[in-house]
file input-v1.cif (mmCIF, C-alpha atoms)
data_coords
loop_
_atom_site.label_atom_id
_atom_site.label_comp_id
_atom_site.auth_asym_id
_atom_site.auth_seq_id
_atom_site.Cartn_x
_atom_site.Cartn_y
_atom_site.Cartn_z
CA MET A 1 18.38 -57.98 55.52
CA GLN A 2 20.83 -55.56 57.09
CA LEU A 3 19.57 -53.80 60.21
CA MET A 4 22.87 -52.57 61.66
CA GLY A 5 23.00 -48.80 61.32
CA ALA A 6 19.46 -48.61 59.94
CA THR A 7 17.52 -45.46 60.70
CA PRO A 8 14.41 -45.67 62.90
CA ALA A 9 12.26 -44.86 59.84
CA ARG A 10 13.83 -47.72 57.87
CA LEU A 11 13.27 -50.11 60.78
CA ILE A 12 9.60 -49.10 60.90
CA ASP A 13 9.30 -49.62 57.12
CA THR A 14 10.88 -53.06 57.49
CA ALA A 15 8.42 -53.95 60.26
CA TYR A 16 5.51 -52.87 58.03
CA GLN A 17 6.88 -54.95 55.14
CA LEU A 18 7.10 -57.97 57.44
CA ALA A 19 3.53 -57.38 58.60
CA PHE A 20 2.32 -57.08 54.98
CA ASN A 21 4.13 -60.34 54.12
CA ILE A 22 2.53 -62.18 57.03
CA ALA A 23 -0.92 -60.74 56.26
CA TYR A 24 -0.55 -61.69 52.59
CA ARG A 25 0.39 -65.28 53.46
CA LEU A 26 -2.57 -65.56 55.85
CA HIS A 27 -4.83 -64.10 53.15
CA LEU A 28 -3.62 -66.77 50.71
CA ILE A 29 -4.49 -69.51 53.20
CA TRP A 30 -7.94 -68.00 53.77
CA ALA A 31 -8.51 -67.65 50.00
CA PHE A 32 -7.39 -71.26 49.44
CA LEU A 33 -9.94 -72.47 51.97
CA PHE A 34 -12.90 -70.29 50.95
CA ARG A 35 -12.28 -69.41 47.27
CA PRO A 36 -13.86 -65.95 47.43
CA GLN A 37 -14.58 -63.47 44.66
CA SER A 38 -12.95 -60.07 44.82
CA HIS A 39 -13.31 -56.86 42.84
CA GLY A 40 -10.44 -54.48 42.42
CA VAL A 41 -8.86 -51.88 40.18
CA TRP A 42 -5.53 -51.26 38.53
CA VAL A 43 -4.38 -48.04 36.93
CA ALA A 44 -2.02 -48.20 33.97
CA ALA A 45 -0.20 -44.86 34.17
CA TRP A 46 1.43 -44.22 30.78
CA TYR A 47 4.13 -41.63 30.06
CA ASN A 48 5.79 -41.35 26.64
CA GLY A 49 4.94 -44.95 25.76
CA ASP A 50 6.15 -46.38 29.08
CA VAL A 51 3.92 -47.81 31.80
CA LEU A 52 4.41 -47.41 35.55
CA LEU A 53 4.98 -50.77 37.23
CA VAL A 54 4.93 -51.38 40.97
CA LYS A 55 6.23 -54.09 43.26
CA ASN A 56 4.26 -54.79 46.39
CA SER A 57 6.48 -55.82 49.29
CA SER A 58 4.48 -59.01 49.81
CA ARG A 59 4.50 -60.30 46.21
CA SER A 60 7.18 -61.60 43.91
CA THR A 61 5.49 -60.29 40.75
CA LEU A 62 5.05 -56.78 39.38
CA THR A 63 1.64 -55.21 38.95
CA LEU A 64 0.10 -51.81 38.36
CA PRO A 65 -0.94 -49.39 41.09
CA GLY A 66 -4.25 -50.62 42.42
CA GLY A 67 -6.20 -52.51 45.01
CA GLY A 68 -9.63 -53.35 46.30
CA ILE A 69 -12.85 -51.44 45.84
CA GLY A 70 -14.21 -50.23 49.15
CA LYS A 71 -17.79 -50.82 50.26
CA GLY A 72 -19.98 -48.22 48.57
CA GLU A 73 -17.06 -47.00 46.45
CA SER A 74 -17.23 -46.89 42.66
CA ARG A 75 -14.55 -48.56 40.56
CA HIS A 76 -13.57 -45.15 39.22
CA ALA A 77 -13.21 -43.63 42.71
CA ALA A 78 -11.20 -46.67 43.86
CA ALA A 79 -8.82 -46.24 40.90
CA LEU A 80 -8.22 -42.58 41.76
CA ARG A 81 -7.70 -43.42 45.44
CA GLU A 82 -5.31 -46.31 44.79
CA LEU A 83 -3.23 -44.26 42.33
CA SER A 84 -2.80 -41.60 44.98
CA GLU A 85 -2.21 -44.01 47.88
CA GLU A 86 0.29 -46.28 46.16
CA VAL A 87 2.41 -43.90 44.09
CA GLY A 88 1.32 -40.39 45.06
CA ILE A 89 -0.22 -39.46 41.71
CA VAL A 90 -3.26 -37.25 42.15
CA ALA A 91 -5.46 -37.34 39.06
CA ARG A 92 -8.75 -35.84 38.02
CA SER A 93 -11.68 -38.16 37.43
CA SER A 94 -11.76 -37.12 33.78
CA ASP A 95 -8.12 -38.25 33.37
CA LEU A 96 -9.00 -41.94 33.80
CA VAL A 97 -10.26 -44.05 30.92
CA TYR A 98 -11.73 -47.50 31.54
CA TRP A 99 -9.93 -50.23 29.53
CA GLY A 100 -11.64 -53.44 30.64
CA GLU A 101 -11.81 -56.27 33.13
CA TYR A 102 -9.40 -59.14 33.61
CA ARG A 103 -10.14 -62.18 35.72
CA SER A 104 -7.56 -64.03 37.72
CA THR A 105 -7.53 -67.12 39.88
CA VAL A 106 -3.82 -66.86 40.72
CA GLU A 107 -4.32 -66.27 44.45
CA TYR A 108 -7.04 -68.93 44.98
CA LYS A 109 -9.86 -66.45 44.42
CA LEU A 110 -11.84 -65.24 41.45
CA ASP A 111 -10.43 -61.75 41.14
CA HIS A 112 -12.17 -59.23 38.88
CA ILE A 113 -9.51 -56.63 38.02
CA ASN A 114 -10.90 -53.50 36.40
CA VAL A 115 -8.16 -51.71 34.48
CA TYR A 116 -8.14 -47.97 34.01
CA GLU A 117 -5.61 -45.98 32.04
CA ILE A 118 -4.19 -42.51 32.41
CA GLU A 119 -1.86 -40.73 30.02
CA LEU A 120 0.48 -38.53 32.04
CA SER A 121 1.41 -35.24 30.36
CA HIS A 122 4.45 -34.85 32.59
CA LEU A 123 6.37 -37.19 34.80
CA PRO A 124 5.16 -36.63 38.35
CA GLN A 125 7.27 -37.35 41.39
CA ILE A 126 6.50 -40.92 42.40
CA ARG A 127 6.03 -41.26 46.16
CA LEU A 128 6.20 -44.74 47.65
CA ASP A 129 5.41 -45.63 51.22
CA ASN A 130 8.19 -48.29 51.16
CA ARG A 131 5.82 -50.43 53.15
CA GLU A 132 3.07 -51.81 50.93
CA VAL A 133 4.76 -50.68 47.71
CA SER A 134 8.53 -51.10 47.72
CA TRP A 135 9.45 -50.27 44.12
CA ALA A 136 8.03 -48.42 41.11
CA ASP A 137 9.45 -47.49 37.74
CA LEU A 138 8.48 -46.81 34.15
CA ARG A 139 9.13 -49.50 31.55
CA SER A 140 8.26 -49.95 27.91
CA PRO A 141 5.75 -52.74 27.26
CA GLU A 142 8.53 -54.78 25.66
CA GLN A 143 10.76 -54.38 28.72
CA ALA A 144 7.85 -55.14 31.05
CA LEU A 145 6.99 -58.35 29.20
CA ASP A 146 10.51 -59.60 29.94
CA MET A 147 9.95 -59.07 33.67
CA GLN A 148 8.17 -61.17 36.29
CA LEU A 149 4.62 -59.85 35.89
CA PHE A 150 1.36 -60.81 37.53
CA PRO A 151 -0.41 -62.89 34.81
CA ALA A 152 -3.32 -60.46 34.36
CA LEU A 153 -0.86 -57.61 33.79
CA ARG A 154 0.90 -59.68 31.14
CA SER A 155 -2.49 -60.26 29.44
CA TYR A 156 -3.27 -56.53 29.53
CA LEU A 157 0.06 -55.57 27.93
CA ILE A 158 -0.32 -58.23 25.23
CA ASP A 159 -3.87 -57.01 24.53
CA LYS A 160 -2.55 -53.44 24.20
CA GLN A 161 0.10 -54.59 21.71
CA GLN A 162 -2.31 -56.72 19.68
CA ARG A 163 -4.80 -53.86 19.41
CA GLY A 164 -2.02 -51.52 18.29
CA PHE A 165 -2.23 -49.17 21.28
CA VAL A 166 1.46 -49.35 22.21
#
call {"tool": "encode", "arguments": {"input": "input-v1.cif", "output": "structure tokens"}}
result
Amino acid sequence: MQLMGATPARLIDTAYQLAFNIAYRLHLIWAFLFRPQSHGVWVAAWYNGDVLLVKNSSRSTLTLPGGGIGKGESRHAAALRELSEEVGIVARSSDLVYWGEYRSTVEYKLDHINVYEIELSHLPQIRLDNREVSWADLRSPEQALDMQLFPALRSYLIDKQQRGFV
């Protein structure tokens, strides 16, 4: 990590990334000890046959924009919120289509990941906070499957291929 000559904004982003990394590691310890269940959402944003992948600063694998469902929040509302928060895409409720649920025990918890899809008619400007989300880009399903993906994302893309949707 090179900090010499870094701008104040970049230093703040780096501090946030460090904080996210520490919080993530502490969360993994907590999940290992208590084995909780969690409920979250992902949004597969498709544009011309490519899907938008994101890299969270605290993880080594790629996922889709998404996160937890807030108390009293619907899955659908959480998907819209996470898409906006993580990559700056503002969508209408009617734009999202529910695909299905994937379960994961990768992070020592039973994670219920509800996947929504959106077909983008134009390529919006992707806005990252460079704190929680440090990278995002479109990839074909074939390209994505050659990358280091979170296992549930790999399952989703394989399901899409097997059902003839990509």
call {"tool": "residues_around", "arguments": {"input": "input-v1.cif", "residues": "Ile22 (chain A)", "least_positions_apart": "6", "cutoff": "10 Å", "atoms": "only C-alpha atoms", "output": "PyMOL selection string"}}
result
chain A and resi 16+28+58
call {"tool": "atom_distance", "arguments": {"input": "input-v1.cif", "atom1": "CA of Asp159 (chain A)", "atom2": "CA of Ser134 (chain A)"}}
result
27.0 Å
call {"tool": "atom_distance", "arguments": {"input": "input-v1.cif", "atom1": "CA of Leu153 (chain A)", "atom2": "CA of Leu18 (chain A)"}}
result
25.0 Å
call {"tool": "closest_residue", "arguments": {"input": "input-v1.cif", "among": "A:Gln162, A:Thr63, A:Asn48, A:Ser121", "to": "Leu149 (chain A)", "atoms": "all atoms listed in the file"}}
result
A:Thr63
call {"tool": "residues_near_point", "arguments": {"input": "input-v1.cif", "point": "(-11.9, -45.6, 39.8)", "cutoff": "8 Å", "atoms": "only C-alpha atoms", "output": "CSV table (one decimal) with C-alpha atoms, keeping the file's coordinate frame"}}
result
chain,number,residue,atom,x,y,z
A,41,VAL,CA,-8.9,-51.9,40.2
A,74,SER,CA,-17.2,-46.9,42.7
A,75,ARG,CA,-14.6,-48.6,40.6
A,76,HIS,CA,-13.6,-45.2,39.2
A,77,ALA,CA,-13.2,-43.6,42.7
A,78,ALA,CA,-11.2,-46.7,43.9
A,79,ALA,CA,-8.8,-46.2,40.9
A,80,LEU,CA,-8.2,-42.6,41.8
A,81,ARG,CA,-7.7,-43.4,45.4
A,93,SER,CA,-11.7,-38.2,37.4
A,96,LEU,CA,-9.0,-41.9,33.8
A,116,TYR,CA,-8.1,-48.0,34.0
call {"tool": "resolve_selection", "arguments": {"input": "input-v1.cif", "expression": "the PyMOL selection byres ((chain A and resi 132) around 7)", "output": "list in words"}}
result
Gln17, Phe20, Asn56, Ser57, Asp129, Asn130, Arg131, Val133 and Ser134 of chain A
call {"tool": "resolve_selection", "arguments": {"input": "input-v1.cif", "expression": "the PyMOL selection byres ((chain A and resi 33-36) around 12)", "output": "PDB file with C-alpha atoms, keeping the file's coordinate frame"}}
result
ATOM      1  CA  LEU A  26      -2.570 -65.560  55.850  1.00  0.00           C
ATOM      2  CA  HIS A  27      -4.830 -64.100  53.150  1.00  0.00           C
ATOM      3  CA  LEU A  28      -3.620 -66.770  50.710  1.00  0.00           C
ATOM      4  CA  ILE A  29      -4.490 -69.510  53.200  1.00  0.00           C
ATOM      5  CA  TRP A  30      -7.940 -68.000  53.770  1.00  0.00           C
ATOM      6  CA  ALA A  31      -8.510 -67.650  50.000  1.00  0.00           C
ATOM      7  CA  PHE A  32      -7.390 -71.260  49.440  1.00  0.00           C
ATOM      8  CA  GLN A  37     -14.580 -63.470  44.660  1.00  0.00           C
ATOM      9  CA  SER A  38     -12.950 -60.070  44.820  1.00  0.00           C
ATOM     10  CA  HIS A  39     -13.310 -56.860  42.840  1.00  0.00           C
ATOM     11  CA  SER A 104      -7.560 -64.030  37.720  1.00  0.00           C
ATOM     12  CA  THR A 105      -7.530 -67.120  39.880  1.00  0.00           C
ATOM     13  CA  VAL A 106      -3.820 -66.860  40.720  1.00  0.00           C
ATOM     14  CA  GLU A 107      -4.320 -66.270  44.450  1.00  0.00           C
ATOM     15  CA  TYR A 108      -7.040 -68.930  44.980  1.00  0.00           C
ATOM     16  CA  LYS A 109      -9.860 -66.450  44.420  1.00  0.00           C
ATOM     17  CA  LEU A 110     -11.840 -65.240  41.450  1.00  0.00           C
ATOM     18  CA  ASP A 111     -10.430 -61.750  41.140  1.00  0.00           C
ATOM     19  CA  HIS A 112     -12.170 -59.230  38.880  1.00  0.00           C
TER      20      HIS A 112
END
call {"tool": "closest_residue", "arguments": {"input": "input-v1.cif", "among": "A:Pro151, A:Gly49, A:Gly164, A:Gly72", "to": "Tyr102 (chain A)", "atoms": "all atoms listed in the file"}}
result
A:Pro151
call {"tool": "decode", "arguments": {"input": "input-v1.cif", "residues": "region 8-149 of chain A", "atoms": "C-alpha atoms", "output": "PDB file, in the first residue's frame"}}
result
ATOM      1  CA  PRO A   8      -6.651  13.194   1.886  1.00  0.00           C
ATOM      2  CA  ALA A   9      -9.706  11.577   0.248  1.00  0.00           C
ATOM      3  CA  ARG A  10      -7.679   8.486  -0.689  1.00  0.00           C
ATOM      4  CA  LEU A  11      -6.300   8.243   2.851  1.00  0.00           C
ATOM      5  CA  ILE A  12      -9.845   8.375   4.239  1.00  0.00           C
ATOM      6  CA  ASP A  13     -10.943   5.663   1.773  1.00  0.00           C
ATOM      7  CA  THR A  14      -7.990   3.519   2.853  1.00  0.00           C
ATOM      8  CA  ALA A  15      -8.924   3.986   6.512  1.00  0.00           C
ATOM      9  CA  TYR A  16     -12.515   2.916   5.745  1.00  0.00           C
ATOM     10  CA  GLN A  17     -11.259  -0.146   3.850  1.00  0.00           C
ATOM     11  CA  LEU A  18      -9.107  -1.087   6.840  1.00  0.00           C
ATOM     12  CA  ALA A  19     -12.094  -0.650   9.156  1.00  0.00           C
ATOM     13  CA  PHE A  20     -14.279  -2.815   6.877  1.00  0.00           C
ATOM     14  CA  ASN A  21     -11.561  -5.498   6.842  1.00  0.00           C
ATOM     15  CA  ILE A  22     -11.303  -5.520  10.633  1.00  0.00           C
ATOM     16  CA  ALA A  23     -15.095  -5.544  11.052  1.00  0.00           C
ATOM     17  CA  TYR A  24     -15.402  -8.390   8.538  1.00  0.00           C
ATOM     18  CA  ARG A  25     -12.791 -10.488  10.367  1.00  0.00           C
ATOM     19  CA  LEU A  26     -14.530  -9.865  13.713  1.00  0.00           C
ATOM     20  CA  HIS A  27     -17.858 -10.793  12.103  1.00  0.00           C
ATOM     21  CA  LEU A  28     -16.354 -14.083  10.889  1.00  0.00           C
ATOM     22  CA  ILE A  29     -15.200 -14.904  14.425  1.00  0.00           C
ATOM     23  CA  TRP A  30     -18.651 -14.076  15.816  1.00  0.00           C
ATOM     24  CA  ALA A  31     -20.356 -16.161  13.100  1.00  0.00           C
ATOM     25  CA  PHE A  32     -17.991 -19.079  13.770  1.00  0.00           C
ATOM     26  CA  LEU A  33     -18.930 -19.026  17.445  1.00  0.00           C
ATOM     27  CA  PHE A  34     -22.695 -18.522  17.113  1.00  0.00           C
ATOM     28  CA  ARG A  35     -23.585 -19.901  13.643  1.00  0.00           C
ATOM     29  CA  PRO A  36     -26.398 -17.425  12.956  1.00  0.00           C
ATOM     30  CA  GLN A  37     -28.871 -17.279  10.096  1.00  0.00           C
ATOM     31  CA  SER A  38     -28.913 -14.216   7.893  1.00  0.00           C
ATOM     32  CA  HIS A  39     -31.175 -12.965   5.136  1.00  0.00           C
ATOM     33  CA  GLY A  40     -29.874 -10.791   2.357  1.00  0.00           C
ATOM     34  CA  VAL A  41     -30.281  -9.786  -1.250  1.00  0.00           C
ATOM     35  CA  TRP A  42     -28.172  -9.616  -4.375  1.00  0.00           C
ATOM     36  CA  VAL A  43     -29.039  -7.832  -7.584  1.00  0.00           C
ATOM     37  CA  ALA A  44     -27.789  -9.251 -10.868  1.00  0.00           C
ATOM     38  CA  ALA A  45     -27.628  -6.173 -13.103  1.00  0.00           C
ATOM     39  CA  TRP A  46     -27.482  -7.361 -16.721  1.00  0.00           C
ATOM     40  CA  TYR A  47     -26.495  -5.240 -19.723  1.00  0.00           C
ATOM     41  CA  ASN A  48     -26.169  -6.720 -23.219  1.00  0.00           C
ATOM     42  CA  GLY A  49     -25.579 -10.223 -21.848  1.00  0.00           C
ATOM     43  CA  ASP A  50     -22.981  -9.120 -19.283  1.00  0.00           C
ATOM     44  CA  VAL A  51     -23.495  -9.058 -15.521  1.00  0.00           C
ATOM     45  CA  LEU A  52     -22.191  -6.418 -13.120  1.00  0.00           C
ATOM     46  CA  LEU A  53     -19.768  -7.928 -10.605  1.00  0.00           C
ATOM     47  CA  VAL A  54     -18.493  -6.182  -7.489  1.00  0.00           C
ATOM     48  CA  LYS A  55     -15.548  -6.678  -5.163  1.00  0.00           C
ATOM     49  CA  ASN A  56     -16.042  -5.745  -1.549  1.00  0.00           C
ATOM     50  CA  SER A  57     -12.883  -4.385   0.036  1.00  0.00           C
ATOM     51  CA  SER A  58     -13.053  -6.959   2.828  1.00  0.00           C
ATOM     52  CA  ARG A  59     -13.501 -10.095   0.695  1.00  0.00           C
ATOM     53  CA  SER A  60     -11.294 -11.951  -1.737  1.00  0.00           C
ATOM     54  CA  THR A  61     -14.200 -13.147  -3.896  1.00  0.00           C
ATOM     55  CA  LEU A  62     -16.483 -11.313  -6.301  1.00  0.00           C
ATOM     56  CA  THR A  63     -20.209 -11.016  -5.703  1.00  0.00           C
ATOM     57  CA  LEU A  64     -23.173  -9.029  -6.951  1.00  0.00           C
ATOM     58  CA  PRO A  65     -24.334  -5.726  -5.488  1.00  0.00           C
ATOM     59  CA  GLY A  66     -26.257  -6.555  -2.342  1.00  0.00           C
ATOM     60  CA  GLY A  67     -26.373  -6.879   1.390  1.00  0.00           C
ATOM     61  CA  GLY A  68     -28.572  -7.438   4.381  1.00  0.00           C
ATOM     62  CA  ILE A  69     -32.283  -6.872   4.712  1.00  0.00           C
ATOM     63  CA  GLY A  70     -33.037  -4.228   7.313  1.00  0.00           C
ATOM     64  CA  LYS A  71     -35.527  -4.739  10.130  1.00  0.00           C
ATOM     65  CA  GLY A  72     -39.009  -4.149   8.729  1.00  0.00           C
ATOM     66  CA  GLU A  73     -37.635  -3.885   5.185  1.00  0.00           C
ATOM     67  CA  SER A  74     -38.910  -6.089   2.367  1.00  0.00           C
ATOM     68  CA  ARG A  75     -36.491  -8.104   0.252  1.00  0.00           C
ATOM     69  CA  HIS A  76     -37.510  -6.046  -2.763  1.00  0.00           C
ATOM     70  CA  ALA A  77     -36.869  -2.719  -0.994  1.00  0.00           C
ATOM     71  CA  ALA A  78     -33.504  -4.003   0.274  1.00  0.00           C
ATOM     72  CA  ALA A  79     -32.498  -4.957  -3.280  1.00  0.00           C
ATOM     73  CA  LEU A  80     -33.332  -1.476  -4.578  1.00  0.00           C
ATOM     74  CA  ARG A  81     -31.482   0.157  -1.678  1.00  0.00           C
ATOM     75  CA  GLU A  82     -28.362  -1.998  -2.009  1.00  0.00           C
ATOM     76  CA  LEU A  83     -28.170  -1.456  -5.782  1.00  0.00           C
ATOM     77  CA  SER A  84     -28.208   2.285  -5.198  1.00  0.00           C
ATOM     78  CA  GLU A  85     -25.835   2.251  -2.207  1.00  0.00           C
ATOM     79  CA  GLU A  86     -23.202  -0.048  -3.663  1.00  0.00           C
ATOM     80  CA  VAL A  87     -23.011   0.996  -7.317  1.00  0.00           C
ATOM     81  CA  GLY A  88     -25.190   4.096  -7.652  1.00  0.00           C
ATOM     82  CA  ILE A  89     -27.859   2.517  -9.862  1.00  0.00           C
ATOM     83  CA  VAL A  90     -31.296   3.890  -9.071  1.00  0.00           C
ATOM     84  CA  ALA A  91     -34.009   1.556 -10.305  1.00  0.00           C
ATOM     85  CA  ARG A  92     -37.773   1.449 -10.182  1.00  0.00           C
ATOM     86  CA  SER A  93     -39.433  -1.290  -8.176  1.00  0.00           C
ATOM     87  CA  SER A  94     -40.990  -2.672 -11.353  1.00  0.00           C
ATOM     88  CA  ASP A  95     -37.500  -3.072 -12.898  1.00  0.00           C
ATOM     89  CA  LEU A  96     -36.533  -5.868 -10.484  1.00  0.00           C
ATOM     90  CA  VAL A  97     -37.506  -9.478 -11.092  1.00  0.00           C
ATOM     91  CA  TYR A  98     -37.088 -12.084  -8.367  1.00  0.00           C
ATOM     92  CA  TRP A  99     -34.928 -15.048  -9.498  1.00  0.00           C
ATOM     93  CA  GLY A 100     -34.685 -17.224  -6.402  1.00  0.00           C
ATOM     94  CA  GLU A 101     -32.898 -17.979  -3.160  1.00  0.00           C
ATOM     95  CA  TYR A 102     -29.452 -19.453  -2.663  1.00  0.00           C
ATOM     96  CA  ARG A 103     -28.166 -20.713   0.659  1.00  0.00           C
ATOM     97  CA  SER A 104     -24.594 -20.451   1.763  1.00  0.00           C
ATOM     98  CA  THR A 105     -22.612 -21.571   4.781  1.00  0.00           C
ATOM     99  CA  VAL A 106     -19.316 -20.127   3.513  1.00  0.00           C
ATOM    100  CA  GLU A 107     -18.945 -17.552   6.289  1.00  0.00           C
ATOM    101  CA  TYR A 108     -19.964 -19.848   9.190  1.00  0.00           C
ATOM    102  CA  LYS A 109     -23.610 -18.810   9.001  1.00  0.00           C
ATOM    103  CA  LEU A 110     -26.671 -20.031   7.167  1.00  0.00           C
ATOM    104  CA  ASP A 111     -27.070 -17.210   4.685  1.00  0.00           C
ATOM    105  CA  HIS A 112     -30.293 -16.939   2.674  1.00  0.00           C
ATOM    106  CA  ILE A 113     -29.386 -14.896  -0.419  1.00  0.00           C
ATOM    107  CA  ASN A 114     -32.399 -13.701  -2.390  1.00  0.00           C
ATOM    108  CA  VAL A 115     -31.371 -12.905  -5.954  1.00  0.00           C
ATOM    109  CA  TYR A 116     -33.118 -10.264  -8.014  1.00  0.00           C
ATOM    110  CA  GLU A 117     -32.374  -9.385 -11.601  1.00  0.00           C
ATOM    111  CA  ILE A 118     -32.562  -6.181 -13.569  1.00  0.00           C
ATOM    112  CA  GLU A 119     -32.022  -5.748 -17.299  1.00  0.00           C
ATOM    113  CA  LEU A 120     -30.406  -2.374 -17.890  1.00  0.00           C
ATOM    114  CA  SER A 121     -31.515  -0.624 -21.084  1.00  0.00           C
ATOM    115  CA  HIS A 122     -28.454   1.611 -21.040  1.00  0.00           C
ATOM    116  CA  LEU A 123     -25.166   1.488 -19.235  1.00  0.00           C
ATOM    117  CA  PRO A 124     -25.436   3.793 -16.246  1.00  0.00           C
ATOM    118  CA  GLN A 125     -22.465   5.456 -14.642  1.00  0.00           C
ATOM    119  CA  ILE A 126     -21.289   3.123 -11.897  1.00  0.00           C
ATOM    120  CA  ARG A 127     -20.476   5.008  -8.693  1.00  0.00           C
ATOM    121  CA  LEU A 128     -18.401   3.216  -6.076  1.00  0.00           C
ATOM    122  CA  ASP A 129     -17.674   4.486  -2.608  1.00  0.00           C
ATOM    123  CA  ASN A 130     -14.162   2.930  -2.782  1.00  0.00           C
ATOM    124  CA  ARG A 131     -14.694   1.978   0.820  1.00  0.00           C
ATOM    125  CA  GLU A 132     -17.069  -0.964   1.086  1.00  0.00           C
ATOM    126  CA  VAL A 133     -17.027  -1.657  -2.654  1.00  0.00           C
ATOM    127  CA  SER A 134     -13.621  -1.231  -4.264  1.00  0.00           C
ATOM    128  CA  TRP A 135     -14.211  -2.547  -7.788  1.00  0.00           C
ATOM    129  CA  ALA A 136     -17.080  -3.178 -10.212  1.00  0.00           C
ATOM    130  CA  ASP A 137     -17.229  -4.171 -13.844  1.00  0.00           C
ATOM    131  CA  LEU A 138     -19.373  -5.976 -16.389  1.00  0.00           C
ATOM    132  CA  ARG A 139     -18.380  -9.485 -17.439  1.00  0.00           C
ATOM    133  CA  SER A 140     -19.956 -12.180 -19.561  1.00  0.00           C
ATOM    134  CA  PRO A 141     -21.082 -15.231 -17.584  1.00  0.00           C
ATOM    135  CA  GLU A 142     -18.264 -17.221 -19.192  1.00  0.00           C
ATOM    136  CA  GLN A 143     -15.663 -14.648 -18.138  1.00  0.00           C
ATOM    137  CA  ALA A 144     -17.163 -14.433 -14.654  1.00  0.00           C
ATOM    138  CA  LEU A 145     -17.029 -18.203 -14.180  1.00  0.00           C
ATOM    139  CA  ASP A 146     -13.265 -18.037 -14.747  1.00  0.00           C
ATOM    140  CA  MET A 147     -12.923 -15.512 -11.906  1.00  0.00           C
ATOM    141  CA  GLN A 148     -12.785 -15.953  -8.136  1.00  0.00           C
ATOM    142  CA  LEU A 149     -16.507 -15.865  -7.332  1.00  0.00           C
TER     143      LEU A 149
END
